[in-house]
file model.txt (compact mmCIF, C-alpha atoms)
# COMPACT_ATOMS: atom_id res chain seq x y z
CA MET A 1 104.47 -103.50 -142.62
CA SER A 2 103.02 -103.17 -139.13
CA ARG A 3 100.02 -105.29 -138.23
CA THR A 4 97.38 -102.75 -139.04
CA ALA A 5 94.35 -102.75 -141.21
CA VAL A 6 94.95 -101.78 -144.82
CA ALA A 7 92.16 -99.52 -146.04
CA LEU A 8 92.26 -98.59 -149.70
CA ALA A 9 90.02 -95.95 -151.22
CA LEU A 10 90.42 -96.74 -154.90
CA ALA A 11 87.48 -94.84 -156.35
CA PHE A 12 89.83 -92.63 -158.37
CA LEU A 13 91.65 -95.59 -159.93
CA ALA A 14 89.78 -95.91 -163.18
CA ALA A 15 91.89 -98.82 -164.40
CA LEU A 16 90.35 -101.14 -161.80
CA VAL A 17 86.93 -101.75 -163.28
CA PHE A 18 84.69 -103.32 -160.61
CA VAL A 19 81.26 -104.60 -161.45
CA ALA A 20 78.32 -105.93 -159.52
CA PRO A 21 77.05 -109.41 -160.35
CA ALA A 22 73.35 -109.68 -161.02
CA GLY A 23 71.28 -110.17 -157.90
CA ALA A 24 73.92 -108.89 -155.50
CA ALA A 25 72.05 -105.85 -154.24
CA SER A 26 73.34 -104.61 -150.91
CA GLN A 27 71.02 -104.95 -147.96
CA SER A 28 70.84 -102.35 -145.22
CA THR A 29 70.87 -103.57 -141.68
CA GLY A 30 70.50 -101.94 -138.29
CA LEU A 31 68.69 -98.86 -137.15
CA GLY A 32 71.45 -96.45 -138.09
CA ALA A 33 74.62 -95.24 -136.42
CA THR A 34 76.38 -97.41 -133.88
CA PRO A 35 74.66 -97.06 -130.50
CA VAL A 36 76.41 -94.92 -127.91
CA ASN A 37 75.84 -96.19 -124.37
CA GLY A 38 72.78 -98.04 -125.63
CA THR A 39 71.23 -95.13 -127.52
CA HIS A 40 71.62 -93.53 -130.92
CA PRO A 41 73.14 -90.06 -131.34
CA ASP A 42 69.89 -88.47 -132.50
CA GLU A 43 67.66 -90.18 -129.96
CA THR A 44 66.45 -88.63 -126.73
CA THR A 45 66.78 -90.68 -123.56
CA PRO A 46 63.92 -90.40 -121.05
CA ASP A 47 64.80 -91.54 -117.56
CA GLY A 48 62.54 -94.58 -117.66
CA PRO A 49 61.37 -97.20 -120.14
CA HIS A 50 60.21 -95.65 -123.42
CA VAL A 51 59.40 -96.25 -127.06
CA ALA A 52 62.68 -95.58 -128.86
CA ALA A 53 61.69 -96.26 -132.47
CA VAL A 54 58.97 -97.70 -134.70
CA PHE A 55 59.23 -99.43 -138.05
CA PRO A 56 55.65 -99.74 -139.30
CA ASN A 57 56.15 -99.74 -143.07
CA PRO A 58 58.75 -102.28 -144.27
CA VAL A 59 59.09 -102.68 -148.03
CA ALA A 60 58.52 -106.45 -147.73
CA ALA A 61 55.15 -107.94 -148.65
CA GLU A 62 52.48 -107.54 -145.97
CA ASP A 63 54.91 -105.36 -143.96
CA ALA A 64 56.91 -108.37 -142.83
CA GLY A 65 59.44 -107.28 -140.21
CA GLU A 66 57.32 -104.56 -138.63
CA HIS A 67 58.54 -103.88 -135.09
CA VAL A 68 58.72 -101.44 -132.20
CA VAL A 69 61.99 -100.72 -130.40
CA LEU A 70 61.72 -100.22 -126.64
CA ALA A 71 64.49 -98.90 -124.40
CA PHE A 72 64.92 -99.93 -120.77
CA PRO A 73 67.65 -97.94 -118.98
CA ARG A 74 67.42 -100.36 -116.06
CA ALA A 75 66.46 -104.03 -115.79
CA SER A 76 62.67 -104.30 -115.91
CA ASN A 77 60.35 -107.25 -115.40
CA LEU A 78 57.76 -107.13 -118.19
CA THR A 79 55.15 -109.36 -116.58
CA GLY A 80 51.83 -107.64 -117.25
CA TRP A 81 53.29 -105.09 -119.69
CA THR A 82 51.59 -104.44 -123.04
CA LEU A 83 51.86 -102.38 -126.21
CA THR A 84 48.71 -101.03 -127.81
CA ASP A 85 47.73 -98.81 -130.72
CA GLY A 86 44.23 -98.31 -129.40
CA GLU A 87 42.77 -101.04 -131.59
CA SER A 88 44.91 -104.08 -130.86
CA THR A 89 47.03 -105.01 -127.86
CA LEU A 90 50.29 -106.95 -127.75
CA SER A 91 51.33 -108.66 -124.52
CA LEU A 92 55.06 -108.48 -123.83
CA PRO A 93 56.77 -111.74 -122.83
CA ASN A 94 57.20 -112.49 -119.12
CA ALA A 95 60.89 -111.65 -119.04
CA THR A 96 63.34 -109.26 -117.41
CA VAL A 97 65.12 -107.08 -119.97
CA SER A 98 67.45 -104.11 -120.14
CA GLY A 99 68.80 -101.98 -122.95
CA ARG A 100 67.15 -101.88 -126.37
CA VAL A 101 64.74 -104.60 -127.50
CA ALA A 102 62.77 -104.90 -130.73
CA VAL A 103 59.28 -106.26 -130.13
CA THR A 104 58.11 -108.36 -133.07
CA SER A 105 55.95 -111.33 -133.94
CA GLU A 106 58.12 -112.12 -136.99
CA PRO A 107 61.67 -112.73 -135.78
CA ASN A 108 62.92 -114.18 -139.07
CA ALA A 109 61.85 -111.07 -140.99
CA THR A 110 62.99 -108.64 -138.29
CA ARG A 111 66.39 -110.07 -137.38
CA ASN A 112 68.30 -108.25 -140.14
CA LEU A 113 66.41 -104.98 -139.76
CA THR A 114 67.57 -103.91 -136.31
CA ASP A 115 70.61 -103.92 -134.06
CA ALA A 116 68.42 -104.33 -130.97
CA ASP A 117 67.86 -107.67 -129.25
CA LEU A 118 64.63 -109.33 -130.38
CA LEU A 119 61.72 -109.70 -127.99
CA VAL A 120 59.34 -112.12 -129.68
CA SER A 121 55.59 -111.93 -129.03
CA ASN A 122 52.76 -114.15 -130.21
CA ASP A 123 50.68 -111.04 -130.85
CA SER A 124 50.98 -108.35 -133.51
CA LEU A 125 49.96 -104.69 -133.41
CA GLY A 126 49.55 -104.25 -137.15
CA LEU A 127 50.71 -100.62 -137.07
CA ALA A 128 48.99 -98.43 -139.64
CA ASN A 129 51.25 -97.05 -142.38
CA GLY A 130 49.13 -93.90 -142.62
CA GLY A 131 49.59 -92.94 -138.97
CA ASP A 132 49.06 -94.50 -135.57
CA GLU A 133 49.88 -94.28 -131.88
CA VAL A 134 51.96 -96.64 -129.78
CA ARG A 135 51.36 -96.79 -126.04
CA LEU A 136 53.52 -98.72 -123.56
CA LEU A 137 51.60 -99.87 -120.46
CA ASP A 138 52.55 -101.52 -117.19
CA GLY A 139 49.21 -103.02 -116.27
CA ASP A 140 46.87 -100.02 -116.38
CA ARG A 141 49.67 -97.48 -115.91
CA LEU A 142 50.74 -95.52 -118.99
CA VAL A 143 54.54 -95.65 -119.17
CA ASP A 144 55.13 -93.90 -122.50
CA GLU A 145 53.44 -93.13 -125.80
CA VAL A 146 54.32 -91.82 -129.26
CA THR A 147 52.16 -90.77 -132.18
CA TYR A 148 53.20 -90.64 -135.83
CA GLY A 149 51.72 -89.53 -139.14
CA ASP A 150 52.26 -91.10 -142.55
CA ALA A 151 55.15 -93.58 -142.34
CA PRO A 152 57.48 -93.49 -145.40
CA ASP A 153 58.35 -96.79 -147.07
CA GLY A 154 61.33 -98.51 -145.45
CA GLU A 155 62.06 -95.72 -142.95
CA VAL A 156 62.53 -95.88 -139.20
CA GLY A 157 60.73 -93.41 -136.96
CA ARG A 158 63.24 -92.65 -134.23
CA ARG A 159 62.34 -90.86 -131.00
CA THR A 160 63.17 -87.17 -130.67
CA ASP A 161 61.98 -84.61 -128.13
CA GLU A 162 58.26 -84.80 -128.81
CA ALA A 163 57.82 -86.71 -132.08
CA LEU A 164 59.50 -89.21 -134.40
CA ALA A 165 62.17 -88.38 -136.95
CA TRP A 166 62.05 -90.56 -140.08
CA ARG A 167 65.20 -91.84 -141.73
CA PRO A 168 65.85 -94.66 -144.23
CA LEU A 169 66.66 -97.95 -142.57
CA GLY A 170 70.42 -98.16 -142.03
CA ALA A 171 71.19 -94.55 -142.92
CA THR A 172 74.17 -93.18 -140.99
CA ASP A 173 75.66 -89.77 -140.27
CA VAL A 174 79.43 -90.07 -140.33
CA PRO A 175 81.24 -87.11 -138.79
CA VAL A 176 84.11 -85.34 -140.53
CA VAL A 177 87.42 -86.66 -139.24
CA ARG A 178 90.57 -84.57 -139.13
CA THR A 179 93.99 -86.14 -138.75
CA THR A 180 97.45 -84.91 -137.89
CA PRO A 181 99.95 -84.39 -140.73
CA SER A 182 101.05 -87.62 -142.34
CA ASN A 183 102.77 -88.93 -145.43
CA VAL A 184 100.59 -89.94 -148.37
CA ARG A 185 101.74 -91.83 -151.45
CA THR A 186 99.71 -91.05 -154.54
CA PHE A 187 99.73 -93.06 -157.74
CA VAL A 188 97.70 -93.49 -160.92
CA LEU A 189 96.61 -96.63 -162.68
CA PRO A 190 97.46 -98.20 -165.04
CA ASP A 191 100.83 -96.42 -164.88
CA ALA A 192 101.86 -97.76 -161.45
CA PRO A 193 100.03 -101.05 -160.79
CA ALA A 194 102.74 -102.39 -158.48
CA VAL A 195 101.89 -99.89 -155.74
CA ALA A 196 98.41 -101.30 -155.14
CA VAL A 197 99.50 -104.91 -155.51
CA GLU A 198 102.44 -104.57 -153.10
CA THR A 199 100.23 -102.91 -150.50
CA LEU A 200 97.61 -105.64 -150.73
CA ARG A 201 100.22 -108.39 -150.54
CA GLY A 202 101.61 -106.90 -147.34
CA ALA A 203 98.30 -106.92 -145.48
CA ASP A 204 98.15 -109.38 -142.59
CA ASP A 205 95.00 -108.27 -140.76
CA ARG A 206 92.29 -106.60 -142.82
CA ILE A 207 91.70 -105.15 -146.29
CA LEU A 208 88.79 -102.75 -146.78
CA LEU A 209 88.52 -101.84 -150.45
CA ALA A 210 85.93 -99.32 -151.63
CA GLY A 211 85.60 -98.48 -155.29
CA TYR A 212 83.28 -97.37 -158.05
CA SER A 213 83.97 -100.47 -160.12
CA PHE A 214 86.27 -103.50 -160.18
CA GLY A 215 87.54 -105.77 -162.93
CA SER A 216 91.25 -106.47 -162.39
CA GLU A 217 91.85 -110.22 -162.33
CA ARG A 218 95.40 -109.63 -161.08
CA VAL A 219 94.15 -107.76 -158.03
CA ALA A 220 91.39 -110.32 -157.54
CA ARG A 221 93.94 -113.14 -157.26
CA VAL A 222 95.93 -111.10 -154.70
CA LEU A 223 92.77 -110.59 -152.65
CA GLU A 224 91.87 -114.28 -152.82
CA ARG A 225 95.32 -115.26 -151.57
CA ALA A 226 94.99 -112.74 -148.75
CA ALA A 227 91.65 -114.25 -147.73
CA SER A 228 93.15 -117.75 -147.82
CA ARG A 229 95.85 -116.75 -145.30
CA GLY A 230 93.29 -115.40 -142.86
CA VAL A 231 93.08 -111.73 -143.80
CA GLU A 232 89.59 -110.22 -143.56
CA VAL A 233 88.83 -108.90 -147.06
CA ARG A 234 85.76 -106.75 -147.75
CA ILE A 235 84.84 -104.94 -150.97
CA LEU A 236 82.17 -102.26 -151.46
CA LEU A 237 81.21 -101.19 -154.99
CA ASP A 238 78.62 -99.28 -156.98
CA ASP A 239 75.97 -101.47 -158.61
CA ALA A 240 75.75 -99.54 -161.91
CA PRO A 241 79.08 -98.16 -163.17
CA VAL A 242 79.05 -96.25 -166.43
CA GLY A 243 79.12 -98.70 -169.33
CA GLY A 244 77.32 -101.43 -167.43
CA ILE A 245 78.74 -104.81 -166.52
CA THR A 246 80.24 -107.70 -168.44
CA ALA A 247 80.05 -111.43 -167.87
CA ARG A 248 83.82 -111.48 -167.26
CA GLN A 249 83.58 -108.87 -164.53
CA ALA A 250 80.69 -110.67 -162.88
CA ARG A 251 82.67 -113.92 -162.89
CA THR A 252 85.59 -112.13 -161.20
CA LEU A 253 83.41 -111.01 -158.32
CA ASP A 254 81.72 -114.40 -158.09
CA SER A 255 85.16 -115.96 -157.76
CA LEU A 256 86.12 -113.50 -155.03
CA SER A 257 82.93 -114.24 -153.11
CA SER A 258 83.50 -118.00 -153.41
CA SER A 259 87.00 -117.51 -151.99
CA GLY A 260 85.76 -115.93 -148.77
CA VAL A 261 85.91 -112.28 -149.82
CA GLU A 262 82.87 -110.28 -148.72
CA VAL A 263 81.57 -108.44 -151.79
CA GLU A 264 78.71 -105.94 -151.49
CA VAL A 265 77.30 -103.47 -153.98
CA LEU A 266 75.37 -100.29 -153.33
CA GLY A 267 72.32 -99.33 -155.36
CA GLY A 268 68.83 -100.39 -156.31
CA GLU A 269 65.38 -99.04 -155.61
CA ARG A 270 65.48 -99.68 -151.84
CA ALA A 271 69.19 -99.16 -151.24
CA ARG A 272 70.42 -97.12 -148.29
CA TYR A 273 72.15 -94.74 -150.72
CA ASP A 274 71.68 -94.27 -154.46
CA TYR A 275 75.26 -94.90 -155.56
CA HIS A 276 78.82 -95.34 -154.37
CA HIS A 277 81.13 -92.98 -156.20
CA PRO A 278 83.30 -91.21 -153.61
CA LYS A 279 85.88 -88.64 -154.58
CA SER A 280 88.58 -87.06 -152.44
CA LYS A 281 90.88 -84.08 -152.51
CA THR A 282 93.96 -83.20 -150.48
CA LEU A 283 93.96 -79.56 -149.44
CA PRO A 284 97.02 -77.46 -148.56
CA GLU A 285 97.58 -76.86 -144.87
CA GLY A 286 95.38 -74.07 -143.55
CA SER A 287 92.87 -74.18 -146.40
CA THR A 288 89.21 -75.15 -146.08
CA LEU A 289 86.70 -76.89 -148.30
CA ASP A 290 83.77 -74.66 -149.24
CA SER A 291 81.01 -74.62 -151.84
CA HIS A 292 83.46 -73.48 -154.55
CA HIS A 293 85.68 -76.53 -154.22
CA GLU A 294 85.00 -79.70 -156.12
CA CYS A 295 86.46 -82.98 -154.93
CA PHE A 296 88.41 -85.13 -157.37
call {"tool": "encode", "arguments": {"input": "model.txt", "output": "structure tokens"}}
result
Amino acid sequence: MSRTAVALALAFLAALVFVAPAGAASQSTGLGATPVNGTHPDETTPDGPHVAAVFPNPVAAEDAGEHVVLAFPRASNLTGWTLTDGESTLSLPNATVSGRVAVTSEPNATRNLTDADLLVSNDSLGLANGGDEVRLLDGDRLVDEVTYGDAPDGEVGRRTDEALAWRPLGATDVPVVRTTPSNVRTFVLPDAPAVAVETLRGADDRILLAGYSFGSERVARVLERAASRGVEVRILLDDAPVGGITARQARTLDSLSSSGVEVEVLGGERARYDYHHPKSKTLPEGSTLDSHHECF
């Protein structure tokens, strides 16, 4: 096998029963899609420094992790710069910055909530969840300002033409990808277990395994051995498969995690998405997927 990443979409393999151990809720990180040239795909880019996003209503107690993302297309010295909401004023650190920075007074709470560099201030704006304004000033000169209404729980207000567009923290828009014709080997479990095992054993770089559930101890041992020889192994699962979880299944995932396998589950009240249960369908050449097709 060539030295390429092995990506397995095993959601349709019902014989591999994955389960999420208690307390392993997946956490969303970042402000969304991977930045392109320092900005996000749905974000406008004024020529000068501007307020790129606000996060005034975290789900944590006392809004821990509240922050404002500023964008600086060119290196800017922030001596004398401030942020204000009309009631309180936050002095920006005396530093020269460029790109995207998240201004916060709580770096520990903010660090996992944004992909921007942190700009720590001793002051706090205390942005109102029910609506507020954010003004960026260079001395007495108004550089930029945004105004927002009611801020939804756990959502980022990202800059658009004239207002802010709210999206759940970490939500992404993944474009449809088309590929050239290729060979695909299909199989069904438990009738052909060797296919999956042989593929996993041959991986020498990376294994990305996404599934609805997981419970195969045989596959778990193969993944642990892969991790021990330096292969990056990551598993993404649903947190509430039909039928619930068992202690045996939880122990299997605990063992994988202890062996260096990254195990994450999707679900919970504040999850980025409600569940992870992908389905796929191979269409004949020239056909299209419309509202009358159902993916299996």
call {"tool": "residues_around", "arguments": {"input": "model.txt", "residues": "Leu253 (chain A)", "least_positions_apart": "2", "cutoff": "12 Å", "atoms": "only C-alpha atoms", "output": "compact mmCIF listing (two decimals) with C-alpha atoms, keeping the file's coordinate frame"}}
result
# COMPACT_ATOMS: atom_id res chain seq x y z
CA VAL A 17 86.93 -101.75 -163.28
CA PHE A 18 84.69 -103.32 -160.61
CA VAL A 19 81.26 -104.60 -161.45
CA ALA A 20 78.32 -105.93 -159.52
CA PRO A 21 77.05 -109.41 -160.35
CA ALA A 22 73.35 -109.68 -161.02
CA ALA A 24 73.92 -108.89 -155.50
CA SER A 213 83.97 -100.47 -160.12
CA PHE A 214 86.27 -103.50 -160.18
CA GLY A 215 87.54 -105.77 -162.93
CA SER A 216 91.25 -106.47 -162.39
CA GLU A 217 91.85 -110.22 -162.33
CA VAL A 219 94.15 -107.76 -158.03
CA ALA A 220 91.39 -110.32 -157.54
CA ARG A 221 93.94 -113.14 -157.26
CA LEU A 223 92.77 -110.59 -152.65
CA GLU A 224 91.87 -114.28 -152.82
CA ARG A 234 85.76 -106.75 -147.75
CA ILE A 235 84.84 -104.94 -150.97
CA LEU A 236 82.17 -102.26 -151.46
CA LEU A 237 81.21 -101.19 -154.99
CA ILE A 245 78.74 -104.81 -166.52
CA THR A 246 80.24 -107.70 -168.44
CA ALA A 247 80.05 -111.43 -167.87
CA ARG A 248 83.82 -111.48 -167.26
CA GLN A 249 83.58 -108.87 -164.53
CA ALA A 250 80.69 -110.67 -162.88
CA ARG A 251 82.67 -113.92 -162.89
CA SER A 255 85.16 -115.96 -157.76
CA LEU A 256 86.12 -113.50 -155.03
CA SER A 257 82.93 -114.24 -153.11
CA SER A 258 83.50 -118.00 -153.41
CA SER A 259 87.00 -117.51 -151.99
CA GLY A 260 85.76 -115.93 -148.77
CA VAL A 261 85.91 -112.28 -149.82
CA GLU A 262 82.87 -110.28 -148.72
CA VAL A 263 81.57 -108.44 -151.79
CA GLU A 264 78.71 -105.94 -151.49
CA VAL A 265 77.30 -103.47 -153.98
call {"tool": "residues_near_point", "arguments": {"input": "model.txt", "point": "(56.5, -106.9, -141.9)", "cutoff": "10 Å", "atoms": "only C-alpha atoms", "output": "PyMOL selection string"}}
result
chain A and resi 55-67+104-107+109-110+126-127
call {"tool": "write_last_selection", "arguments": {"input": "model.txt", "atoms": "C-alpha atoms", "output": "PDB file, in the frame of the given file"}}
result
ATOM      1  CA  PHE A  55      59.230 -99.430-138.050  1.00  0.00           C
ATOM      2  CA  PRO A  56      55.650 -99.740-139.300  1.00  0.00           C
ATOM      3  CA  ASN A  57      56.150 -99.740-143.070  1.00  0.00           C
ATOM      4  CA  PRO A  58      58.750-102.280-144.270  1.00  0.00           C
ATOM      5  CA  VAL A  59      59.090-102.680-148.030  1.00  0.00           C
ATOM      6  CA  ALA A  60      58.520-106.450-147.730  1.00  0.00           C
ATOM      7  CA  ALA A  61      55.150-107.940-148.650  1.00  0.00           C
ATOM      8  CA  GLU A  62      52.480-107.540-145.970  1.00  0.00           C
ATOM      9  CA  ASP A  63      54.910-105.360-143.960  1.00  0.00           C
ATOM     10  CA  ALA A  64      56.910-108.370-142.830  1.00  0.00           C
ATOM     11  CA  GLY A  65      59.440-107.280-140.210  1.00  0.00           C
ATOM     12  CA  GLU A  66      57.320-104.560-138.630  1.00  0.00           C
ATOM     13  CA  HIS A  67      58.540-103.880-135.090  1.00  0.00           C
ATOM     14  CA  THR A 104      58.110-108.360-133.070  1.00  0.00           C
ATOM     15  CA  SER A 105      55.950-111.330-133.940  1.00  0.00           C
ATOM     16  CA  GLU A 106      58.120-112.120-136.990  1.00  0.00           C
ATOM     17  CA  PRO A 107      61.670-112.730-135.780  1.00  0.00           C
ATOM     18  CA  ALA A 109      61.850-111.070-140.990  1.00  0.00           C
ATOM     19  CA  THR A 110      62.990-108.640-138.290  1.00  0.00           C
ATOM     20  CA  GLY A 126      49.550-104.250-137.150  1.00  0.00           C
ATOM     21  CA  LEU A 127      50.710-100.620-137.070  1.00  0.00           C
TER      22      LEU A 127
END
call {"tool": "atom_distance", "arguments": {"input": "model.txt", "atom1": "CA of Arg100 (chain A)", "atom2": "CA of Val51 (chain A)"}}
result
9.6 Å
call {"tool": "residues_around", "arguments": {"input": "model.txt", "residues": "region 143-155 of chain A", "least_positions_apart": "5", "cutoff": "9 Å", "atoms": "all atoms listed in the file", "output": "ChimeraX atom specification"}}
result
/A:48-51,55-60,128-138,162-164,166-170,270
call {"tool": "residues_around", "arguments": {"input": "model.txt", "residues": "Val54 (chain A)", "least_positions_apart": "2", "cutoff": "7 Å", "atoms": "all atoms listed in the file", "output": "mmCIF file with C-alpha atoms, keeping the file's coordinate frame"}}
result
data_model
loop_
_atom_site.group_PDB
_atom_site.id
_atom_site.type_symbol
_atom_site.label_atom_id
_atom_site.label_comp_id
_atom_site.auth_asym_id
_atom_site.auth_seq_id
_atom_site.Cartn_x
_atom_site.Cartn_y
_atom_site.Cartn_z
ATOM 1 C CA PRO A 56 55.650 -99.740 -139.300
ATOM 2 C CA HIS A 67 58.540 -103.880 -135.090
ATOM 3 C CA VAL A 68 58.720 -101.440 -132.200
ATOM 4 C CA VAL A 69 61.990 -100.720 -130.400
ATOM 5 C CA VAL A 156 62.530 -95.880 -139.200
ATOM 6 C CA GLY A 157 60.730 -93.410 -136.960
ATOM 7 C CA ARG A 158 63.240 -92.650 -134.230
#
